Amino acid sequence: IIIGDTAGSLLSGAAVPELLKRRDVFLSLFGAAVLFPLSMLRDLKSLAPASIIGLGGMLYTAGVTVLRALDGTYQKGGRLAAALVKEGKALPKFGGAFSPGGSLLFISMLATSYLAHYNAAAYYDELENPTLPRYNRVVYGGFAMAVGFFVAIAAAGHRTFGAASQGLILNSFAGADKLANAARALVGVAVACTYPLLFKGVRDGYFDIAKVSPANQEKQRTPATIAMVALTVLAGIKITDLGFVVAFGGAILGSAIIYVIPSQIALSACKKGKLALGGAEKLACRSINVMGYVLAVLGGTASVLSRMGKI
């Protein structure tokens, strides 16, 4: 979705064939030429240089978002506010009342922060001289940077556009904003470079669930990769509202992975005698389990109602 949105904004005024400006055509070509080869990589360490470029791109994007929140160019009468009007985009909107539904959406979006933690073991294996202290430093540093990016971009984006902020904040910026256009390109690079990290977990999970033997995993690796990349490309073509995907996915998948599944595993292990839990610990696990279901229902409902324009 992000690659389709950023490419659409960048190519709309570019001197390229009209066919290439179509979302379905571009994403299909990008999936075949970029995402598939990256997903076939066996050693994630080879992505290190590209990941550094992606990190630099995210730093630049955060800087541009903060700059636009402070320089006033999108305020009433500003140069880029006029560009928004000319391009038919929504102008910044402020002054709305507190929305409980909006708060649920926000909580659901925050849950996506943990959706990739199933890769923890793979990251540990890929770490040079893997020890728990070294691994913890990587985790703490990574989460600290992620929190910094989330807070800076969310706060600055809301300060600039208010209620008119889109799910992908770069879509709120004017096409005439050259700094934002550079950020769009860099974010596209960052997403492409991190795609294989998430993809590996999905593919490995499929092999585990399907109980595919190591020998057959090697045989199925290429066709499984083709099928899964094709599905993600198709989803990117058909689904264009990133805000809904993040909120709904966070509500359902986030609640399951963060609250429901871990607590259920602990309770099941305790029941089978494989884990010793005290009374307070069992109560905590059950409470967390129930809370996960409640958050999933409330967050998922709020996401759908928001999509329908009800909240």
# chains A, B, ... in the order shown; residues from 1 in each chain; ligands from 1

call {"tool": "residues_around", "arguments": {"residues": "A:Arg22", "least_positions_apart": "3", "cutoff": "10 Å", "atoms": "only C-alpha atoms", "output": "mmCIF file with N, CA, C and O atoms, in the first residue's frame"}}
result
data_model
loop_
_atom_site.group_PDB
_atom_site.id
_atom_site.type_symbol
_atom_site.label_atom_id
_atom_site.label_comp_id
_atom_site.auth_asym_id
_atom_site.auth_seq_id
_atom_site.Cartn_x
_atom_site.Cartn_y
_atom_site.Cartn_z
ATOM 1 N N GLY A 4 2.634 1.656 -3.335
ATOM 2 C CA GLY A 4 1.678 2.098 -4.350
ATOM 3 C C GLY A 4 1.327 3.564 -4.193
ATOM 4 O O GLY A 4 1.242 4.304 -5.185
ATOM 5 N N ALA A 7 4.563 5.767 -4.991
ATOM 6 C CA ALA A 7 4.849 5.735 -6.423
ATOM 7 C C ALA A 7 3.812 6.530 -7.201
ATOM 8 O O ALA A 7 4.143 7.257 -8.146
ATOM 9 N N GLY A 8 2.550 6.422 -6.795
ATOM 10 C CA GLY A 8 1.495 7.166 -7.477
ATOM 11 C C GLY A 8 1.710 8.662 -7.393
ATOM 12 O O GLY A 8 1.528 9.391 -8.381
ATOM 13 N N LEU A 11 4.953 9.545 -9.574
ATOM 14 C CA LEU A 11 4.851 9.342 -11.008
ATOM 15 C C LEU A 11 3.758 10.172 -11.660
ATOM 16 O O LEU A 11 3.726 10.298 -12.888
ATOM 17 N N SER A 12 2.861 10.750 -10.850
ATOM 18 C CA SER A 12 1.718 11.477 -11.422
ATOM 19 C C SER A 12 2.141 12.615 -12.338
ATOM 20 O O SER A 12 1.520 12.863 -13.368
ATOM 21 N N PRO A 17 5.532 6.691 -19.275
ATOM 22 C CA PRO A 17 4.320 6.216 -19.958
ATOM 23 C C PRO A 17 3.130 6.165 -19.004
ATOM 24 O O PRO A 17 3.270 5.810 -17.838
ATOM 25 N N GLU A 18 1.960 6.522 -19.515
ATOM 26 C CA GLU A 18 0.757 6.533 -18.691
ATOM 27 C C GLU A 18 0.462 5.163 -18.093
ATOM 28 O O GLU A 18 -0.064 5.058 -16.984
ATOM 29 N N LEU A 19 0.818 4.116 -18.829
ATOM 30 C CA LEU A 19 0.560 2.766 -18.336
ATOM 31 C C LEU A 19 1.297 2.513 -17.030
ATOM 32 O O LEU A 19 0.770 1.858 -16.118
ATOM 33 N N VAL A 25 -0.314 -1.829 -12.567
ATOM 34 C CA VAL A 25 0.836 -2.135 -13.427
ATOM 35 C C VAL A 25 2.148 -1.918 -12.670
ATOM 36 O O VAL A 25 3.040 -2.774 -12.675
ATOM 37 N N PHE A 26 2.262 -0.762 -11.992
ATOM 38 C CA PHE A 26 3.506 -0.465 -11.284
ATOM 39 C C PHE A 26 3.786 -1.486 -10.192
ATOM 40 O O PHE A 26 4.911 -1.996 -10.076
ATOM 41 N N LEU A 27 2.780 -1.792 -9.369
ATOM 42 C CA LEU A 27 3.000 -2.725 -8.268
ATOM 43 C C LEU A 27 3.316 -4.127 -8.773
ATOM 44 O O LEU A 27 4.130 -4.848 -8.163
ATOM 45 N N ILE A 237 -2.823 -3.550 -4.488
ATOM 46 C CA ILE A 237 -3.595 -2.986 -5.608
ATOM 47 C C ILE A 237 -5.038 -2.710 -5.196
ATOM 48 O O ILE A 237 -5.610 -1.657 -5.518
#

call {"tool": "residues_around", "arguments": {"residues": "stretch 178-184 of chain A", "least_positions_apart": "6", "cutoff": "12 Å", "atoms": "only C-alpha atoms", "output": "ChimeraX atom specification"}}
result
/A:2-14,54-68,80,83,168-172,190-191

call {"tool": "select_by_dssp", "arguments": {"residues": "stretch 42-210 of chain A", "states": "helix (DSSP H, G or I)", "output": "ChimeraX atom specification"}}
result
/A:44-71,79-87,100-114,117-126,132-161,169-172,178-209

call {"tool": "residues_around", "arguments": {"residues": "A:Leu132", "least_positions_apart": "6", "cutoff": "12 Å", "atoms": "only C-alpha atoms", "output": "JSON, numbers by chain"}}
result
{"A": [120, 121, 123, 124, 125, 138, 139, 140]}

call {"tool": "closest_atom_pairs", "arguments": {"of": "stretch 73-136 of chain A", "to": "stretch 35-47 of chain A", "cutoff": "10 Å", "atoms": "only C-alpha atoms", "output": "CSV"}}
result
residue,atom,partner,partner_atom,distance
A:Ala122,CA,A:Leu44,CA,9.4
A:Tyr123,CA,A:Leu44,CA,9.0
A:Glu126,CA,A:Lys45,CA,7.2
A:Leu127,CA,A:Lys45,CA,8.9
A:Glu128,CA,A:Lys45,CA,9.9

call {"tool": "write_last_selection", "arguments": {"atoms": "all heavy atoms", "output": "mmCIF file, in the first residue's frame"}}
result
data_model
loop_
_atom_site.group_PDB
_atom_site.id
_atom_site.type_symbol
_atom_site.label_atom_id
_atom_site.label_comp_id
_atom_site.auth_asym_id
_atom_site.auth_seq_id
_atom_site.Cartn_x
_atom_site.Cartn_y
_atom_site.Cartn_z
ATOM 1 N N ALA A 122 14.873 -15.217 14.804
ATOM 2 C CA ALA A 122 15.686 -15.071 13.592
ATOM 3 C C ALA A 122 16.711 -13.952 13.762
ATOM 4 O O ALA A 122 17.866 -14.076 13.335
ATOM 5 C CB ALA A 122 14.783 -14.789 12.391
ATOM 6 N N TYR A 123 16.298 -12.851 14.397
ATOM 7 C CA TYR A 123 17.233 -11.750 14.618
ATOM 8 C C TYR A 123 18.360 -12.172 15.559
ATOM 9 O O TYR A 123 19.512 -11.791 15.374
ATOM 10 C CB TYR A 123 16.499 -10.538 15.208
ATOM 11 C CG TYR A 123 15.497 -9.903 14.272
ATOM 12 C CD1 TYR A 123 14.434 -9.163 14.771
ATOM 13 C CD2 TYR A 123 15.607 -10.049 12.905
ATOM 14 C CE1 TYR A 123 13.510 -8.571 13.924
ATOM 15 C CE2 TYR A 123 14.688 -9.472 12.047
ATOM 16 C CZ TYR A 123 13.641 -8.736 12.556
ATOM 17 O OH TYR A 123 12.723 -8.162 11.731
ATOM 18 N N GLU A 126 20.821 -14.228 13.608
ATOM 19 C CA GLU A 126 21.590 -13.445 12.648
ATOM 20 C C GLU A 126 22.603 -12.531 13.331
ATOM 21 O O GLU A 126 23.512 -12.003 12.692
ATOM 22 C CB GLU A 126 20.645 -12.577 11.793
ATOM 23 C CG GLU A 126 19.716 -13.374 10.885
ATOM 24 C CD GLU A 126 20.399 -13.811 9.595
ATOM 25 O OE1 GLU A 126 21.498 -13.300 9.337
ATOM 26 O OE2 GLU A 126 19.829 -14.649 8.882
ATOM 27 N N LEU A 127 22.452 -12.336 14.649
ATOM 28 C CA LEU A 127 23.319 -11.417 15.372
ATOM 29 C C LEU A 127 24.740 -11.969 15.470
ATOM 30 O O LEU A 127 24.955 -13.143 15.747
ATOM 31 C CB LEU A 127 22.761 -11.193 16.784
ATOM 32 C CG LEU A 127 23.458 -10.140 17.659
ATOM 33 C CD1 LEU A 127 23.284 -8.753 17.066
ATOM 34 C CD2 LEU A 127 22.885 -10.178 19.074
ATOM 35 N N GLU A 128 25.716 -11.095 15.219
ATOM 36 C CA GLU A 128 27.110 -11.503 15.362
ATOM 37 C C GLU A 128 27.434 -11.659 16.851
ATOM 38 O O GLU A 128 27.090 -10.800 17.658
ATOM 39 C CB GLU A 128 28.020 -10.437 14.742
ATOM 40 C CG GLU A 128 29.501 -10.801 14.751
ATOM 41 C CD GLU A 128 30.346 -9.747 14.081
ATOM 42 O OE1 GLU A 128 29.779 -8.859 13.409
ATOM 43 O OE2 GLU A 128 31.581 -9.814 14.208
#

call {"tool": "closest_residue", "arguments": {"among": "A:Leu29, A:Leu70, A:Ala174, A:Ala280", "to": "A:Glu87", "atoms": "only C-alpha atoms"}}
result
A:Ala174

call {"tool": "closest_residue", "arguments": {"among": "A:Ala152, A:Val229, A:Leu105, A:Cys285", "to": "A:Ser303", "atoms": "only C-alpha atoms"}}
result
A:Leu105

call {"tool": "atom_distance", "arguments": {"atom1": "atom CA of A:Gly299", "atom2": "atom CA of A:Ala251"}}
result
4.9 Å

call {"tool": "atom_distance", "arguments": {"atom1": "atom CA of A:Gly102", "atom2": "atom CA of A:Gly254"}}
result
17.3 Å

call {"tool": "closest_residue", "arguments": {"among": "A:Ala302, A:Ala256, A:Ile311, A:Ile107", "to": "A:Ile288", "atoms": "only C-alpha atoms"}}
result
A:Ala256

call {"tool": "residues_around", "arguments": {"residues": "A:Phe94", "least_positions_apart": "6", "cutoff": "9 Å", "atoms": "only C-alpha atoms", "output": "VMD selection string"}}
result
chain A and resid 159 161 to 164

call {"tool": "closest_residue", "arguments": {"among": "A:Gln75, A:Thr131, A:Ser51, A:Ser103", "to": "A:Ser306", "atoms": "only C-alpha atoms"}}
result
A:Ser103

call {"tool": "residues_around", "arguments": {"residues": "A:Lys76", "least_positions_apart": "5", "cutoff": "12 Å", "atoms": "only C-alpha atoms", "output": "VMD selection string"}}
result
chain A and resid 81 to 85 91 to 94 160 to 161

call {"tool": "atom_distance", "arguments": {"atom1": "atom CA of A:Val297", "atom2": "atom CA of A:Ile252"}}
result
7.7 Å
